[in-house]
Structures are given as structure tokens and as C-alpha cells.
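J.: Structure in C-alpha cells, see below.
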Amino acid sequence: MDVFLGIDTSCYTTSLCLVDKNYDVVADERIILSVAKGGRGLSQSNMVYQHTRNLPVLFERLAGVLTTAHIRAVAVTDQPRRRDDSYMPAFLAGLGYARALAAVLHVPLYRLSHQENHLLAVLRTLGRVGSEPFYGLHLSGGTTDLLRAVPDEKGLDITRIGGTSDISAGQFIDRMGVALGLPFPAGVHVDKLAQTVTPPVRGAHVFCRDGEISFSGPESQGQRLVAAAADSPARLCSWTLSTVWRGLENLLVFAATDGMSHLAAAGGVMSNGYLRRQLSDWCRRRHVRLDLAADGFSADNASGAAFWAAVQEGKKS
């Protein structure tokens, strides 16, 4: 069986993924990076160290599959965004493994950005990249970007047209979660607690101007609420997610006035059940086609990279 290998070494997760020629996932292995209790992130040197330890473990997990599968091509994320000024040492760990493996196996190596990898994970569920431009929403621990994406020979030519002017949605959620004593990254724990509150608590106003939103004011407000024990942790989690949605809704309205008719939403924050439901309802009402990654593939993973390798090699057949 021919398979295509994707590798992603991001700020939060070490990921390997194998897909077949039909773009179905054959194997998906990940290790979330460890953060000390009470911590709100990792240094780049610590990320590189953990990726260096994790990658051999993940390849050992793939060993059983690779006894009967043949790697046709390798694709790896090598920077956060496809820009000359976009650099992060964490991606060097995966890039080194990818280059070595491709050289030893004498197979093609494809390089793409972490942001492209996320949007391609969404397109994998469609079974094609296509040629038409589309809008993207990339929501992760460090990124909240409204994008316009155009497929090209390298992957996706992405232009940022809006997003946050300060902290990301993921950082806002994580900071609130850590302040409430939840483990980092806190997204899944905030989501779980928020689900116990019905109806959801109304969120704070989120400033927006020309497609740029700001979560720093609501975060300061939220920290004061936590410090004052102004409400239960569950209700504060609900307030946090409702505030994030109010900010995202501002971005979506801006995109709609820009002509958005097709949106692909990706990134770890899009694993959140409440936000997915709110986004789906908004797009349905506005007659915007919405594509989301398959369950489990919104968070950091390497399926987009593996998919891109399969697509590129398929063109040669």
C-alpha cells in the first residue's frame, strides 16, 4: 500500500500522519507538549527539546503500519505562515526528520506552512484542493486570523485580511482557564465546564475596527472577575466562550461585507463544541458555505501536510 507522510511540530503538539491515495487517514499519531502546572506556554528551546524526544516515539508507533506500507512522499510544516519573515525554531525538529527521511527513501519532500496545513486538513474532508479562492478562519493558541486563500502550486497562497490586534482567542481562553486553575492548554477544560451552563452566559463586548478585534480588554475584565470570585468557574468559562464568539462574529460580518461565500474554519480553537455550533448557525443563516475539519482534526495535526503530499503525487500518475 502506498502512503504519504505528514509531519508537524507546532507550539503545542508533535504530529505524524499517514494518508493513502484516497486521502483516508491510515495512521495518526500525536503527543501534546507538556506544560508545567500553572504555566501558560513554553519557550522555543523547550518546544524543540520535546519535539526531539517525541518524534522517535511517534515513528516507533508507526513501525507496524510501515512494515506493509510504502512511503511515496513526505510533507512537513517548516514555518508558521508562508512569509519570508515567518520563523519559529519548533518547526526545525520536524523539518530535519523530513529531510533525512526523504533523502534516505529517495522520495519527494514538500514543505508548507503550519497555517496551510490547518486549512488543508479541512480540504482533505472534501477530497480536493480545487482552484477557487475561499475565506479561512484560523483559530489556535497563538493565532486568530481571517484569511483569503488561493490554491497554487505550493499549497495555499494566503492573505490575512483581519483578525486580532493583540492576544488570540486561544490565548484568551487559555489565560482564563489557567486563572481558574485548569490545566494548560485549557480549551478542552473550559469547553467541558461551559457545557454545564444553560443558557450560556452573555459575553463581553469585543472592540472591532476594520476587521481587527481586540481580546485584551475582555481578558482584563475576566481576570478581575476571577480574582473577585464574581461567579462560578463554569459560568466564567461560559462567559469566556461567549465573548470569543462575539469577537468572531464581528470578523464574520466584516468578511461578509467583503464578499465571503465560502469559509473554511480550522485550528485548535475550532474543536470547541460551542464555537462550532455558533459558527455553523451563523453561516447557515447568512447562506455561507462552511467547511470544517473532520472530528479530531481541527487541533494541531499533520493530516493537511500528508494530504498535500498525496495530492501532488497524484498529479504525477
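By order in the C-alpha cells, chains are A, B, ...; within a chain, residues start at 1; ligands start at 1, following the order shown.
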Pick out the residues sitting within 9 Å of Ile71 in chain A, and hand them over as a ChimeraX atom specification; count only C-alpha atoms, and ignore anything fewer than 6 positions along from it in its own chain.
T.: /A:1-5,18,105,107
J.: Suppose we keep N, CA and C atoms; can you now write the selection as a short mmCIF file (atom, residue, chain, number, x, y, z; two decimals), in the first residue's frame?
T.:
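And here is the file that came out, again20.cif:
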```
data_model
loop_
_atom_site.label_atom_id
_atom_site.label_comp_id
_atom_site.auth_asym_id
_atom_site.auth_seq_id
_atom_site.Cartn_x
_atom_site.Cartn_y
_atom_site.Cartn_z
N MET A 1 0.84 -1.19 0.00
CA MET A 1 0.00 0.00 0.00
C MET A 1 0.88 1.25 0.00
N ASP A 2 0.56 2.18 -0.87
CA ASP A 2 1.27 3.45 -0.90
C ASP A 2 0.66 4.41 0.12
N VAL A 3 1.52 5.09 0.89
CA VAL A 3 1.05 6.07 1.86
C VAL A 3 1.89 7.34 1.72
N PHE A 4 1.36 8.41 2.29
CA PHE A 4 2.00 9.72 2.21
C PHE A 4 2.10 10.26 3.64
N LEU A 5 3.30 10.67 4.02
CA LEU A 5 3.59 11.03 5.40
C LEU A 5 3.57 12.55 5.59
N LEU A 18 -0.29 9.51 8.33
CA LEU A 18 -0.20 8.79 7.06
C LEU A 18 -1.57 8.78 6.40
N LEU A 105 14.88 7.57 1.73
CA LEU A 105 13.90 6.81 0.96
C LEU A 105 13.86 7.18 -0.51
N VAL A 107 12.44 9.84 -1.91
CA VAL A 107 11.08 10.24 -2.25
C VAL A 107 10.99 11.77 -2.21
#
```
J.: Please tabulate, as a Markdown table, the residues of range 39-90 of chain A that come within 12 Å of range 169-188 of chain A, each with its closest pair of atoms and the distance in Å to one decimal, counting only C-alpha atoms and ordering rows by chain, then residue number upward.
T.:
```
| residue | atom | partner | partner_atom | distance |
| --- | --- | --- | --- | --- |
| A:Gly39 | CA | A:Phe184 | CA | 6.7 |
| A:Arg40 | CA | A:Phe184 | CA | 6.3 |
| A:Gly41 | CA | A:Phe184 | CA | 7.7 |
| A:Leu42 | CA | A:Phe184 | CA | 10.5 |
```
J.: In Å, with one decimal, what is the gap from CA of Thr257 in chain A to CA of Arg277 in chain A?
T.: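 Separating CA of Thr257 in chain A from CA of Arg277 in chain A is a distance of 22.0 Å.
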J.: Can you pull out every residue within 12 Å of Arg286 in chain A, counting only C-alpha atoms, but drop anything in the same chain fewer than 5 positions away, and send it as a PyMOL selection string?
T.: chain A and resi 249+252-253+255-257+259-263+279-281
J.: Determine which residues of range 77-308 of chain A DSSP labels as alpha helix (DSSP H) from the backbone of this structure, then write them out as a VMD selection string.
T.: chain A and resid 90 to 105 114 to 124 169 to 179 187 to 194 216 to 227 233 to 257 273 to 286 303 to 308
J.: Calculated over only C-alpha atoms, which of the candidates A:Val35, A:Val197, A:Leu225, A:Ala98 has the smallest distance to Met47 in chain A?
T.: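 Looking at the shortest contact to Met47 in chain A, the residue is A:Val35.
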J.: Just to confirm, what's the straight-line distance from CA of Leu147 in chain A to CA of Val129 in chain A in Å (one decimal)?
T.: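 Straight-line distance from CA of Leu147 in chain A to CA of Val129 in chain A works out to 16.2 Å.
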J.: So that I can check the surroundings of Ser165 in chain A, please list as a PyMOL selection string every protein, DNA and RNA residue that reaches within 8 Å of it, counting only C-alpha atoms and ignoring chain neighbours fewer than 4 positions away.
T.: chain A and resi 212-214
J.: Just to be explicit: take each residue in the selection above, keep N, CA, C and O atoms, and write the result as a tab-separated table (two decimals), in the first residue's frame.
T.:
```tsv
chain	number	residue	atom	x	y	z
A	212	GLU	N	-10.26	44.20	12.57
A	212	GLU	CA	-9.35	43.88	13.67
A	212	GLU	C	-10.12	43.92	14.98
A	212	GLU	O	-10.77	44.92	15.31
A	213	ILE	N	-10.07	42.82	15.72
A	213	ILE	CA	-10.75	42.76	17.01
A	213	ILE	C	-9.71	42.72	18.13
A	213	ILE	O	-8.54	42.45	17.90
A	214	SER	N	-10.16	42.99	19.35
A	214	SER	CA	-9.25	43.03	20.49
A	214	SER	C	-9.84	42.25	21.66
A	214	SER	O	-10.95	42.54	22.12
```
J.: Need to verify the contact set: Cys17 in chain A, 9 Å, only C-alpha atoms, exclusion of same-chain residues closer than 3 positions in sequence. Can you return it as a PyMOL selection string?
T.: chain A and resi 4-8+25-30+301-306
J.: Between CA of Leu33 in chain A and CA of Cys11 in chain A, what is the distance, to one decimal in Å?
T.: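 Between these atoms lies a distance of 7.8 Å.
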J.: With range 134-139 of chain A as the partner and 7 Å as the cut-off, tabulate the residues of range 197-296 of chain A that qualify, each row holding the nearest pair of atoms and their distance in Å to one decimal, using only C-alpha atoms, sorted by chain and rising number, as JSON lines.
T.:
```
{"residue": "A:Met260", "atom": "CA", "partner": "A:Tyr135", "partner_atom": "CA", "distance": 6.5}
{"residue": "A:His262", "atom": "CA", "partner": "A:Phe134", "partner_atom": "CA", "distance": 5.6}
{"residue": "A:Leu263", "atom": "CA", "partner": "A:Tyr135", "partner_atom": "CA", "distance": 4.7}
{"residue": "A:Ala264", "atom": "CA", "partner": "A:Gly136", "partner_atom": "CA", "distance": 4.8}
{"residue": "A:Ala265", "atom": "CA", "partner": "A:Leu137", "partner_atom": "CA", "distance": 4.6}
{"residue": "A:Ala266", "atom": "CA", "partner": "A:His138", "partner_atom": "CA", "distance": 5.1}
{"residue": "A:Gly267", "atom": "CA", "partner": "A:Leu139", "partner_atom": "CA", "distance": 4.7}
{"residue": "A:Gly268", "atom": "CA", "partner": "A:Leu139", "partner_atom": "CA", "distance": 6.4}
{"residue": "A:Val269", "atom": "CA", "partner": "A:Leu139", "partner_atom": "CA", "distance": 5.3}
{"residue": "A:Met270", "atom": "CA", "partner": "A:Leu139", "partner_atom": "CA", "distance": 6.4}
```
J.: Those same residues - N, CA, C and O atoms - I'd like them written as a PDB file, in the first residue's frame.
T.:
```
ATOM      1  N   MET A 260     -17.624  37.285   1.230  1.00  0.00           N
ATOM      2  CA  MET A 260     -17.424  35.877   1.589  1.00  0.00           C
ATOM      3  C   MET A 260     -18.654  35.031   1.277  1.00  0.00           C
ATOM      4  O   MET A 260     -19.756  35.338   1.699  1.00  0.00           O
ATOM      5  N   HIS A 262     -17.770  31.323   0.900  1.00  0.00           N
ATOM      6  CA  HIS A 262     -17.249  30.000   1.268  1.00  0.00           C
ATOM      7  C   HIS A 262     -16.197  30.205   2.346  1.00  0.00           C
ATOM      8  O   HIS A 262     -15.248  30.971   2.171  1.00  0.00           O
ATOM      9  N   LEU A 263     -16.363  29.526   3.483  1.00  0.00           N
ATOM     10  CA  LEU A 263     -15.456  29.671   4.613  1.00  0.00           C
ATOM     11  C   LEU A 263     -14.965  28.308   5.068  1.00  0.00           C
ATOM     12  O   LEU A 263     -15.750  27.390   5.270  1.00  0.00           O
ATOM     13  N   ALA A 264     -13.643  28.185   5.244  1.00  0.00           N
ATOM     14  CA  ALA A 264     -13.034  27.001   5.852  1.00  0.00           C
ATOM     15  C   ALA A 264     -12.488  27.423   7.209  1.00  0.00           C
ATOM     16  O   ALA A 264     -11.687  28.356   7.300  1.00  0.00           O
ATOM     17  N   ALA A 265     -12.931  26.777   8.270  1.00  0.00           N
ATOM     18  CA  ALA A 265     -12.520  27.140   9.624  1.00  0.00           C
ATOM     19  C   ALA A 265     -11.657  26.037  10.210  1.00  0.00           C
ATOM     20  O   ALA A 265     -12.042  24.864  10.195  1.00  0.00           O
ATOM     21  N   ALA A 266     -10.485  26.420  10.715  1.00  0.00           N
ATOM     22  CA  ALA A 266      -9.522  25.432  11.185  1.00  0.00           C
ATOM     23  C   ALA A 266      -8.810  25.937  12.427  1.00  0.00           C
ATOM     24  O   ALA A 266      -8.953  27.093  12.836  1.00  0.00           O
ATOM     25  N   GLY A 267      -8.017  25.072  13.038  1.00  0.00           N
ATOM     26  CA  GLY A 267      -7.246  25.420  14.218  1.00  0.00           C
ATOM     27  C   GLY A 267      -7.822  24.807  15.468  1.00  0.00           C
ATOM     28  O   GLY A 267      -8.996  24.437  15.519  1.00  0.00           O
ATOM     29  N   GLY A 268      -6.984  24.700  16.505  1.00  0.00           N
ATOM     30  CA  GLY A 268      -7.390  24.017  17.716  1.00  0.00           C
ATOM     31  C   GLY A 268      -8.624  24.578  18.374  1.00  0.00           C
ATOM     32  O   GLY A 268      -9.429  23.828  18.944  1.00  0.00           O
ATOM     33  N   VAL A 269      -8.818  25.895  18.319  1.00  0.00           N
ATOM     34  CA  VAL A 269      -9.989  26.506  18.954  1.00  0.00           C
ATOM     35  C   VAL A 269     -11.276  26.049  18.274  1.00  0.00           C
ATOM     36  O   VAL A 269     -12.347  26.010  18.899  1.00  0.00           O
ATOM     37  N   MET A 270     -11.184  25.647  16.997  1.00  0.00           N
ATOM     38  CA  MET A 270     -12.371  25.173  16.287  1.00  0.00           C
ATOM     39  C   MET A 270     -12.775  23.761  16.708  1.00  0.00           C
ATOM     40  O   MET A 270     -13.747  23.215  16.196  1.00  0.00           O
TER      41      MET A 270
END
```
